[in-house]
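Working notes, beginning with the structure itself.
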There are 2 protein chains.
Amino acid sequence: MSLRHALLGLLADQPASGYDLLQRFAGSLDNVWSASQTQVYTELTKLAGEGLITASEEGPRRRKEYSITPAGDTELRNWLSTNESKTPARNEMLLRVFFLGILPPQQALDHMAGIRERSRAGQDALAALEQSTDWTDEAFSDYGRIALEWGKRFQTMNEEWAQWAEEQIEARRPGESRRETAG
Amino acid sequence: MSLRHALLGLLADQPASGYDLLQRFAGSLDNVWSASQTQVYTELTKLAGEGLITASEEGPRRRKEYSITPAGDTELRNWLSTNESKTPARNEMLLRVFFLGILPPQQALDHMAGIRERSRAGQDALAALEQSTDWTDEAFSDYGRIALEWGKRFQTMNEEWAQWAEEQIEARRPGESRRETAG
DNA sequence: GTCTTCATGTAATTTGTTACATGATTTC
DNA sequence: GAAATCATGTAACAAATTACATGAAGAC
């Protein structure tokens, strides 16, 4: 049920159409909370039905602009003040690692190497995002930076952990020649 | 669709009943992939229907024991060999942080402090889990440790990041007296 | 006048949550 | 014999994904 809060949060900054909001979800927000086109439009309809946002008359291309209502603002602040919630843990990457013992050590090593490389690529992607973002006039600038910093630290942590895991697997493996040193 | 792979992974180690598997999900696996009772039983029925696992006759308390089939094993290995998937990012903690600019700085600071404290508590919980786990005879021992290490690093990263964020918010805040030094 | 972008929806299906229901066996 | 644990399910609902559908306005 956080999609609605993401929408309320964006609308708290300024009124926007479903299409506008989708750009945000397709852009930087995608790293934090992703949502599909269908989801955004249906949730906006629901929110309007509950009086948390209001829709303007249809404009040019049937465009409707939504604004947050006082009720919506209350709901948003209430959510923001909430203690962190019971989001169930579901980490597919970790789940795979958990079962990696099923594969032979070399395949497990390859798997971890893949994770390490993707973490590296993730760092590059975030660095590029940082570069391309206009931090000057954005309303979410300060906290956007803080969220971005989380992503960078997360990816760094992942890369280092994968590296460490590879060393662990190597160390535990029967002492034959390793792939990169093998003839 | 990873629940099925979690179940196949557990059954690859040894046959088990739905009830048995639920203990795993309620225990350490809950940090990696959580699942409810209803979900486990319905997914087992589906998996059996698709021939990826087989059920034994009903035992003592209507107990059924499931075993993985060759088809299920193939499916599991296939999933393990897959490049990391397109799991959409949905991080409610980060989403809240992203919108924290809506609240006055002091409330934002309190929020970050809460995250920091919960990360600390998370580290303690994982340390306790590590202590209470029997690492000697478990089939998933090596990779369970690696997964646990991820959790520890993740929580540490979170704590440090929250600390850093608090400093950022402090620094940007109008230079009045701070709460802890005030009055 | 065609292509792209803007703009919004519906329908079917899958996945996950919450609530409810039931009964057998063991332990004390 | 009462309580705890073992053991499995159904039904209703909410959230998310995938596929499909349509049409207006602007760019070239």
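Chain identifiers are assigned as A, B, and so on, following the order in which chains appear in the structure tokens; residues are numbered from 1 within each chain, and ligands are numbered from 1 in order of appearance.
Within segment 18-159 of chain A, residues classed as strand (DSSP E) by DSSP on backbone coordinates are Ile53, Thr54, Ala55, Tyr66, Ser67 and Ile68 of chain A.
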Contact set, chain C to chain A: 8 Å, only C-alpha atoms (C1' of nucleotides), as a PDB file with N, CA and C atoms (P, O5', C5', C4', C3', O3' and C1' of nucleotides), in the first residue's frame:
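Generated output (out.pdb):
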```
ATOM      1  P    DC C   6       6.258  12.975 -24.421  1.00  0.00           P
ATOM      2  O5'  DC C   6       4.671  13.148 -24.442  1.00  0.00           O
ATOM      3  C5'  DC C   6       4.134  14.341 -25.004  1.00  0.00           C
ATOM      4  C4'  DC C   6       2.622  14.297 -24.912  1.00  0.00           C
ATOM      5  C3'  DC C   6       2.089  14.046 -23.489  1.00  0.00           C
ATOM      6  O3'  DC C   6       1.042  14.976 -23.253  1.00  0.00           O
ATOM      7  C1'  DC C   6       1.178  12.467 -24.990  1.00  0.00           C
ATOM      8  P    DA C   7       0.542  15.239 -21.808  1.00  0.00           P
ATOM      9  O5'  DA C   7      -0.401  13.974 -21.597  1.00  0.00           O
ATOM     10  C5'  DA C   7      -1.724  13.984 -22.140  1.00  0.00           C
ATOM     11  C4'  DA C   7      -2.381  12.658 -21.945  1.00  0.00           C
ATOM     12  C3'  DA C   7      -2.166  11.947 -20.607  1.00  0.00           C
ATOM     13  O3'  DA C   7      -3.147  12.390 -19.669  1.00  0.00           O
ATOM     14  C1'  DA C   7      -2.465  10.471 -22.488  1.00  0.00           C
ATOM     15  P    DT C   8      -3.303  11.551 -18.280  1.00  0.00           P
ATOM     16  O5'  DT C   8      -4.239  10.336 -18.740  1.00  0.00           O
ATOM     17  C5'  DT C   8      -5.480  10.639 -19.379  1.00  0.00           C
ATOM     18  C4'  DT C   8      -6.201   9.351 -19.728  1.00  0.00           C
ATOM     19  C3'  DT C   8      -6.469   8.444 -18.533  1.00  0.00           C
ATOM     20  O3'  DT C   8      -7.864   8.346 -18.316  1.00  0.00           O
ATOM     21  C1'  DT C   8      -5.713   7.218 -20.424  1.00  0.00           C
ATOM     22  P    DG C   9      -8.464   7.867 -16.948  1.00  0.00           P
ATOM     23  O5'  DG C   9      -8.386   6.287 -17.195  1.00  0.00           O
ATOM     24  C5'  DG C   9      -9.553   5.702 -17.583  1.00  0.00           C
ATOM     25  C4'  DG C   9      -9.299   4.608 -18.599  1.00  0.00           C
ATOM     26  C3'  DG C   9      -9.532   3.203 -18.072  1.00  0.00           C
ATOM     27  O3'  DG C   9     -10.911   2.985 -17.895  1.00  0.00           O
ATOM     28  C1'  DG C   9      -7.876   3.296 -19.793  1.00  0.00           C
TER      29       DG C   9
END
```
Could you list, as a PDB file with N, CA, C and O atoms, in the first residue's frame, every residue of chain A that has an atom within 8 Å of an atom of chain B, counting only C-alpha atoms?
```pdb
ATOM      1  N   SER A   2       2.091   1.187  -0.429  1.00  0.00           N
ATOM      2  CA  SER A   2       2.935   2.367  -0.413  1.00  0.00           C
ATOM      3  C   SER A   2       2.864   3.135  -1.714  1.00  0.00           C
ATOM      4  O   SER A   2       3.265   4.288  -1.780  1.00  0.00           O
ATOM      5  N   ALA A   6       3.560   7.097  -2.346  1.00  0.00           N
ATOM      6  CA  ALA A   6       4.503   7.636  -3.337  1.00  0.00           C
ATOM      7  C   ALA A   6       3.785   8.680  -4.192  1.00  0.00           C
ATOM      8  O   ALA A   6       4.303   9.775  -4.433  1.00  0.00           O
ATOM      9  N   GLY A   9       3.058  11.774  -2.149  1.00  0.00           N
ATOM     10  CA  GLY A   9       4.304  12.509  -1.929  1.00  0.00           C
ATOM     11  C   GLY A   9       4.686  13.357  -3.127  1.00  0.00           C
ATOM     12  O   GLY A   9       5.077  14.519  -2.989  1.00  0.00           O
ATOM     13  N   ASP A  30      12.408   4.901  -9.854  1.00  0.00           N
ATOM     14  CA  ASP A  30      12.408   3.481 -10.177  1.00  0.00           C
ATOM     15  C   ASP A  30      13.389   2.702  -9.299  1.00  0.00           C
ATOM     16  O   ASP A  30      13.250   1.503  -9.107  1.00  0.00           O
ATOM     17  N   ASN A  31      14.389   3.397  -8.770  1.00  0.00           N
ATOM     18  CA  ASN A  31      15.356   2.749  -7.884  1.00  0.00           C
ATOM     19  C   ASN A  31      14.836   2.587  -6.463  1.00  0.00           C
ATOM     20  O   ASN A  31      15.446   1.905  -5.650  1.00  0.00           O
ATOM     21  N   VAL A  32      13.739   3.269  -6.191  1.00  0.00           N
ATOM     22  CA  VAL A  32      13.213   3.286  -4.828  1.00  0.00           C
ATOM     23  C   VAL A  32      11.876   2.557  -4.739  1.00  0.00           C
ATOM     24  O   VAL A  32      11.654   1.734  -3.861  1.00  0.00           O
ATOM     25  N   TRP A  33      10.996   2.889  -5.672  1.00  0.00           N
ATOM     26  CA  TRP A  33       9.681   2.248  -5.696  1.00  0.00           C
ATOM     27  C   TRP A  33       9.179   2.219  -7.138  1.00  0.00           C
ATOM     28  O   TRP A  33       8.770   3.253  -7.673  1.00  0.00           O
ATOM     29  N   SER A  34       9.202   1.084  -7.756  1.00  0.00           N
ATOM     30  CA  SER A  34       8.786   1.029  -9.148  1.00  0.00           C
ATOM     31  C   SER A  34       7.296   0.711  -9.263  1.00  0.00           C
ATOM     32  O   SER A  34       6.715   0.048  -8.417  1.00  0.00           O
ATOM     33  N   ARG A  77       1.387  12.692   5.784  1.00  0.00           N
ATOM     34  CA  ARG A  77       2.179  13.008   6.970  1.00  0.00           C
ATOM     35  C   ARG A  77       2.082  11.898   8.002  1.00  0.00           C
ATOM     36  O   ARG A  77       3.039  11.591   8.711  1.00  0.00           O
ATOM     37  N   LEU A  80       4.349   9.195   6.905  1.00  0.00           N
ATOM     38  CA  LEU A  80       5.751   9.583   7.114  1.00  0.00           C
ATOM     39  C   LEU A  80       6.162   9.483   8.583  1.00  0.00           C
ATOM     40  O   LEU A  80       7.331   9.257   8.889  1.00  0.00           O
ATOM     41  N   SER A  81       5.202   9.662   9.461  1.00  0.00           N
ATOM     42  CA  SER A  81       5.529   9.637  10.886  1.00  0.00           C
ATOM     43  C   SER A  81       5.481   8.222  11.465  1.00  0.00           C
ATOM     44  O   SER A  81       5.794   7.993  12.626  1.00  0.00           O
ATOM     45  N   ASN A  83       6.312   4.410  12.310  1.00  0.00           N
ATOM     46  CA  ASN A  83       7.489   3.571  12.503  1.00  0.00           C
ATOM     47  C   ASN A  83       7.612   2.657  11.295  1.00  0.00           C
ATOM     48  O   ASN A  83       6.628   2.251  10.708  1.00  0.00           O
ATOM     49  N   GLU A  84       8.805   2.309  10.974  1.00  0.00           N
ATOM     50  CA  GLU A  84       9.037   1.452   9.809  1.00  0.00           C
ATOM     51  C   GLU A  84       8.145   0.215   9.861  1.00  0.00           C
ATOM     52  O   GLU A  84       7.910  -0.351  10.908  1.00  0.00           O
ATOM     53  N   SER A  85       7.677  -0.171   8.709  1.00  0.00           N
ATOM     54  CA  SER A  85       6.617  -1.170   8.656  1.00  0.00           C
ATOM     55  C   SER A  85       7.132  -2.595   8.472  1.00  0.00           C
ATOM     56  O   SER A  85       8.298  -2.837   8.233  1.00  0.00           O
ATOM     57  N   THR A  87       7.401  -4.733   6.158  1.00  0.00           N
ATOM     58  CA  THR A  87       7.534  -5.197   4.781  1.00  0.00           C
ATOM     59  C   THR A  87       8.260  -6.531   4.825  1.00  0.00           C
ATOM     60  O   THR A  87       9.409  -6.587   5.268  1.00  0.00           O
ATOM     61  N   PRO A  88       7.610  -7.585   4.376  1.00  0.00           N
ATOM     62  CA  PRO A  88       8.254  -8.898   4.425  1.00  0.00           C
ATOM     63  C   PRO A  88       9.518  -8.907   3.570  1.00  0.00           C
ATOM     64  O   PRO A  88       9.541  -8.337   2.488  1.00  0.00           O
ATOM     65  N   ALA A  89      10.569  -9.549   4.058  1.00  0.00           N
ATOM     66  CA  ALA A  89      11.832  -9.633   3.328  1.00  0.00           C
ATOM     67  C   ALA A  89      11.698 -10.580   2.143  1.00  0.00           C
ATOM     68  O   ALA A  89      11.251 -11.717   2.298  1.00  0.00           O
ATOM     69  N   ARG A  90      12.040 -10.090   0.964  1.00  0.00           N
ATOM     70  CA  ARG A  90      12.052 -10.956  -0.226  1.00  0.00           C
ATOM     71  C   ARG A  90      13.185 -10.525  -1.127  1.00  0.00           C
ATOM     72  O   ARG A  90      13.070  -9.585  -1.889  1.00  0.00           O
ATOM     73  N   ASN A  91      14.288 -11.236  -0.994  1.00  0.00           N
ATOM     74  CA  ASN A  91      15.496 -10.891  -1.720  1.00  0.00           C
ATOM     75  C   ASN A  91      15.902 -12.070  -2.602  1.00  0.00           C
ATOM     76  O   ASN A  91      16.494 -13.042  -2.128  1.00  0.00           O
ATOM     77  N   GLU A  92      15.566 -11.977  -3.863  1.00  0.00           N
ATOM     78  CA  GLU A  92      15.789 -13.111  -4.760  1.00  0.00           C
ATOM     79  C   GLU A  92      17.276 -13.427  -4.928  1.00  0.00           C
ATOM     80  O   GLU A  92      17.666 -14.587  -5.013  1.00  0.00           O
ATOM     81  N   MET A  93      18.085 -12.375  -4.942  1.00  0.00           N
ATOM     82  CA  MET A  93      19.526 -12.592  -5.050  1.00  0.00           C
ATOM     83  C   MET A  93      20.038 -13.448  -3.888  1.00  0.00           C
ATOM     84  O   MET A  93      20.736 -14.437  -4.090  1.00  0.00           O
ATOM     85  N   LEU A  94      19.622 -13.062  -2.679  1.00  0.00           N
ATOM     86  CA  LEU A  94      20.075 -13.796  -1.501  1.00  0.00           C
ATOM     87  C   LEU A  94      19.521 -15.213  -1.475  1.00  0.00           C
ATOM     88  O   LEU A  94      20.191 -16.149  -1.047  1.00  0.00           O
ATOM     89  N   LEU A  95      18.290 -15.359  -1.944  1.00  0.00           N
ATOM     90  CA  LEU A  95      17.673 -16.688  -1.970  1.00  0.00           C
ATOM     91  C   LEU A  95      18.492 -17.629  -2.844  1.00  0.00           C
ATOM     92  O   LEU A  95      18.759 -18.771  -2.476  1.00  0.00           O
ATOM     93  N   ARG A  96      18.918 -17.139  -3.979  1.00  0.00           N
ATOM     94  CA  ARG A  96      19.757 -17.949  -4.867  1.00  0.00           C
ATOM     95  C   ARG A  96      21.054 -18.340  -4.162  1.00  0.00           C
ATOM     96  O   ARG A  96      21.474 -19.488  -4.197  1.00  0.00           O
ATOM     97  N   VAL A  97      21.669 -17.368  -3.530  1.00  0.00           N
ATOM     98  CA  VAL A  97      22.930 -17.643  -2.830  1.00  0.00           C
ATOM     99  C   VAL A  97      22.730 -18.718  -1.761  1.00  0.00           C
ATOM    100  O   VAL A  97      23.565 -19.604  -1.594  1.00  0.00           O
ATOM    101  N   PHE A  98      21.612 -18.628  -1.090  1.00  0.00           N
ATOM    102  CA  PHE A  98      21.318 -19.579  -0.022  1.00  0.00           C
ATOM    103  C   PHE A  98      21.341 -21.026  -0.531  1.00  0.00           C
ATOM    104  O   PHE A  98      21.730 -21.948   0.187  1.00  0.00           O
ATOM    105  N   PHE A  99      20.959 -21.219  -1.776  1.00  0.00           N
ATOM    106  CA  PHE A  99      20.882 -22.573  -2.332  1.00  0.00           C
ATOM    107  C   PHE A  99      22.060 -22.911  -3.231  1.00  0.00           C
ATOM    108  O   PHE A  99      22.054 -23.934  -3.931  1.00  0.00           O
ATOM    109  N   LEU A 100      23.060 -22.088  -3.219  1.00  0.00           N
ATOM    110  CA  LEU A 100      24.171 -22.241  -4.155  1.00  0.00           C
ATOM    111  C   LEU A 100      24.974 -23.524  -3.924  1.00  0.00           C
ATOM    112  O   LEU A 100      25.683 -23.993  -4.819  1.00  0.00           O
ATOM    113  N   GLY A 101      24.828 -24.092  -2.730  1.00  0.00           N
ATOM    114  CA  GLY A 101      25.530 -25.335  -2.416  1.00  0.00           C
ATOM    115  C   GLY A 101      25.107 -26.498  -3.293  1.00  0.00           C
ATOM    116  O   GLY A 101      25.792 -27.515  -3.389  1.00  0.00           O
ATOM    117  N   ILE A 102      23.966 -26.336  -3.945  1.00  0.00           N
ATOM    118  CA  ILE A 102      23.474 -27.374  -4.856  1.00  0.00           C
ATOM    119  C   ILE A 102      24.354 -27.478  -6.099  1.00  0.00           C
ATOM    120  O   ILE A 102      24.484 -28.541  -6.693  1.00  0.00           O
ATOM    121  N   LEU A 103      24.951 -26.353  -6.479  1.00  0.00           N
ATOM    122  CA  LEU A 103      25.802 -26.346  -7.673  1.00  0.00           C
ATOM    123  C   LEU A 103      27.255 -26.676  -7.305  1.00  0.00           C
ATOM    124  O   LEU A 103      27.666 -26.486  -6.164  1.00  0.00           O
ATOM    125  N   HIS A 111      28.732 -17.585 -10.215  1.00  0.00           N
ATOM    126  CA  HIS A 111      27.517 -16.877  -9.824  1.00  0.00           C
ATOM    127  C   HIS A 111      27.852 -15.647  -8.980  1.00  0.00           C
ATOM    128  O   HIS A 111      27.346 -14.548  -9.231  1.00  0.00           O
ATOM    129  N   GLY A 114      29.309 -12.896 -10.955  1.00  0.00           N
ATOM    130  CA  GLY A 114      28.259 -12.171 -11.672  1.00  0.00           C
ATOM    131  C   GLY A 114      27.611 -11.116 -10.791  1.00  0.00           C
ATOM    132  O   GLY A 114      27.370  -9.986 -11.218  1.00  0.00           O
ATOM    133  N   ILE A 115      27.346 -11.479  -9.550  1.00  0.00           N
ATOM    134  CA  ILE A 115      26.762 -10.527  -8.599  1.00  0.00           C
ATOM    135  C   ILE A 115      27.721  -9.352  -8.392  1.00  0.00           C
ATOM    136  O   ILE A 115      27.315  -8.187  -8.415  1.00  0.00           O
ATOM    137  N   PHE A 140      12.912  17.794  -4.128  1.00  0.00           N
ATOM    138  CA  PHE A 140      13.337  16.645  -3.340  1.00  0.00           C
ATOM    139  C   PHE A 140      14.859  16.529  -3.302  1.00  0.00           C
ATOM    140  O   PHE A 140      15.400  15.488  -2.956  1.00  0.00           O
ATOM    141  N   ASP A 142      17.543  17.567  -1.482  1.00  0.00           N
ATOM    142  CA  ASP A 142      18.324  17.127  -0.330  1.00  0.00           C
ATOM    143  C   ASP A 142      18.112  15.647  -0.015  1.00  0.00           C
ATOM    144  O   ASP A 142      19.074  14.899   0.157  1.00  0.00           O
ATOM    145  N   TYR A 143      16.860  15.250   0.035  1.00  0.00           N
ATOM    146  CA  TYR A 143      16.586  13.873   0.419  1.00  0.00           C
ATOM    147  C   TYR A 143      16.771  12.919  -0.752  1.00  0.00           C
ATOM    148  O   TYR A 143      17.013  11.728  -0.555  1.00  0.00           O
ATOM    149  N   GLY A 144      16.675  13.462  -1.963  1.00  0.00           N
ATOM    150  CA  GLY A 144      17.023  12.657  -3.134  1.00  0.00           C
ATOM    151  C   GLY A 144      18.493  12.268  -3.083  1.00  0.00           C
ATOM    152  O   GLY A 144      18.854  11.128  -3.366  1.00  0.00           O
ATOM    153  N   ILE A 146      20.259  11.990  -0.390  1.00  0.00           N
ATOM    154  CA  ILE A 146      20.437  11.032   0.712  1.00  0.00           C
ATOM    155  C   ILE A 146      20.017   9.639   0.263  1.00  0.00           C
ATOM    156  O   ILE A 146      20.679   8.644   0.579  1.00  0.00           O
ATOM    157  N   ALA A 147      18.932   9.565  -0.510  1.00  0.00           N
ATOM    158  CA  ALA A 147      18.489   8.271  -1.035  1.00  0.00           C
ATOM    159  C   ALA A 147      19.517   7.721  -2.019  1.00  0.00           C
ATOM    160  O   ALA A 147      19.823   6.520  -2.020  1.00  0.00           O
ATOM    161  N   GLU A 149      22.677   8.308  -2.027  1.00  0.00           N
ATOM    162  CA  GLU A 149      23.828   7.865  -1.235  1.00  0.00           C
ATOM    163  C   GLU A 149      23.595   6.450  -0.688  1.00  0.00           C
ATOM    164  O   GLU A 149      24.512   5.627  -0.663  1.00  0.00           O
ATOM    165  N   TRP A 150      22.383   6.197  -0.292  1.00  0.00           N
ATOM    166  CA  TRP A 150      22.048   4.843   0.173  1.00  0.00           C
ATOM    167  C   TRP A 150      22.331   3.831  -0.931  1.00  0.00           C
ATOM    168  O   TRP A 150      22.954   2.794  -0.686  1.00  0.00           O
ATOM    169  N   ARG A 153      26.058   3.253  -1.386  1.00  0.00           N
ATOM    170  CA  ARG A 153      26.612   2.436  -0.303  1.00  0.00           C
ATOM    171  C   ARG A 153      26.143   0.994  -0.408  1.00  0.00           C
ATOM    172  O   ARG A 153      26.889   0.054  -0.137  1.00  0.00           O
ATOM    173  N   PHE A 154      24.900   0.829  -0.800  1.00  0.00           N
ATOM    174  CA  PHE A 154      24.348  -0.514  -0.950  1.00  0.00           C
ATOM    175  C   PHE A 154      25.110  -1.308  -2.004  1.00  0.00           C
ATOM    176  O   PHE A 154      25.524  -2.451  -1.781  1.00  0.00           O
ATOM    177  N   MET A 157      28.613  -2.110  -0.812  1.00  0.00           N
ATOM    178  CA  MET A 157      28.537  -3.194   0.164  1.00  0.00           C
ATOM    179  C   MET A 157      28.376  -4.544  -0.545  1.00  0.00           C
ATOM    180  O   MET A 157      29.064  -5.512  -0.232  1.00  0.00           O
ATOM    181  N   ASN A 158      27.499  -4.568  -1.533  1.00  0.00           N
ATOM    182  CA  ASN A 158      27.254  -5.794  -2.283  1.00  0.00           C
ATOM    183  C   ASN A 158      28.500  -6.292  -2.996  1.00  0.00           C
ATOM    184  O   ASN A 158      28.797  -7.490  -2.981  1.00  0.00           O
ATOM    185  N   TRP A 161      30.963  -7.636  -0.466  1.00  0.00           N
ATOM    186  CA  TRP A 161      30.467  -8.889   0.098  1.00  0.00           C
ATOM    187  C   TRP A 161      30.653 -10.033  -0.900  1.00  0.00           C
ATOM    188  O   TRP A 161      31.081 -11.133  -0.524  1.00  0.00           O
ATOM    189  N   ALA A 165      32.723 -13.365  -0.403  1.00  0.00           N
ATOM    190  CA  ALA A 165      32.105 -14.687  -0.557  1.00  0.00           C
ATOM    191  C   ALA A 165      32.916 -15.558  -1.509  1.00  0.00           C
ATOM    192  O   ALA A 165      33.123 -16.749  -1.262  1.00  0.00           O
TER     193      ALA A 165
END
```
Kindly provide, as a PyMOL selection string, the residues of chain D having any atom no farther than 8 Å from an atom of chain A, counting only C-alpha atoms (C1' of nucleotides). chain D and resi 15-16+24-25
Take the residues that were just selected and, keeping C-alpha atoms (C1' of nucleotides), output them as an mmCIF file, in the first residue's frame.
```cif
data_model
loop_
_atom_site.group_PDB
_atom_site.id
_atom_site.type_symbol
_atom_site.label_atom_id
_atom_site.label_comp_id
_atom_site.auth_asym_id
_atom_site.auth_seq_id
_atom_site.Cartn_x
_atom_site.Cartn_y
_atom_site.Cartn_z
ATOM 1 C "C1'" DA D 15 -1.628 -5.728 -4.965
ATOM 2 C "C1'" DA D 16 0.994 -6.314 -9.084
ATOM 3 C "C1'" DA D 24 -5.526 13.201 -29.572
ATOM 4 C "C1'" DA D 25 -1.867 16.621 -30.504
#
```
Can you list, as a count of residues only, every protein, DNA or RNA residue that comes within 8 Å of Ala55 of chain A when you count only C-alpha atoms (C1' of nucleotides), leaving out same-chain residues fewer than 3 positions away? 5
Write out as a VMD selection string the set of residues from segment 42-166 of chain A that DSSP, computed on the backbone, places in helix (DSSP H, G or I). chain A and resid 42 to 49 70 to 80 92 to 98 100 to 102 105 to 132 141 to 166
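Compared by their closest atoms to DA2 of chain D, and using only C-alpha atoms (C1' of nucleotides), the residues C:DT15, C:DT27, C:DT5, C:DT22 rank with C:DT27 nearest.
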Point-to-point distance in Å for atom CA of Gln123 of chain B and atom CA of Val40 of chain B: 28.2 Å
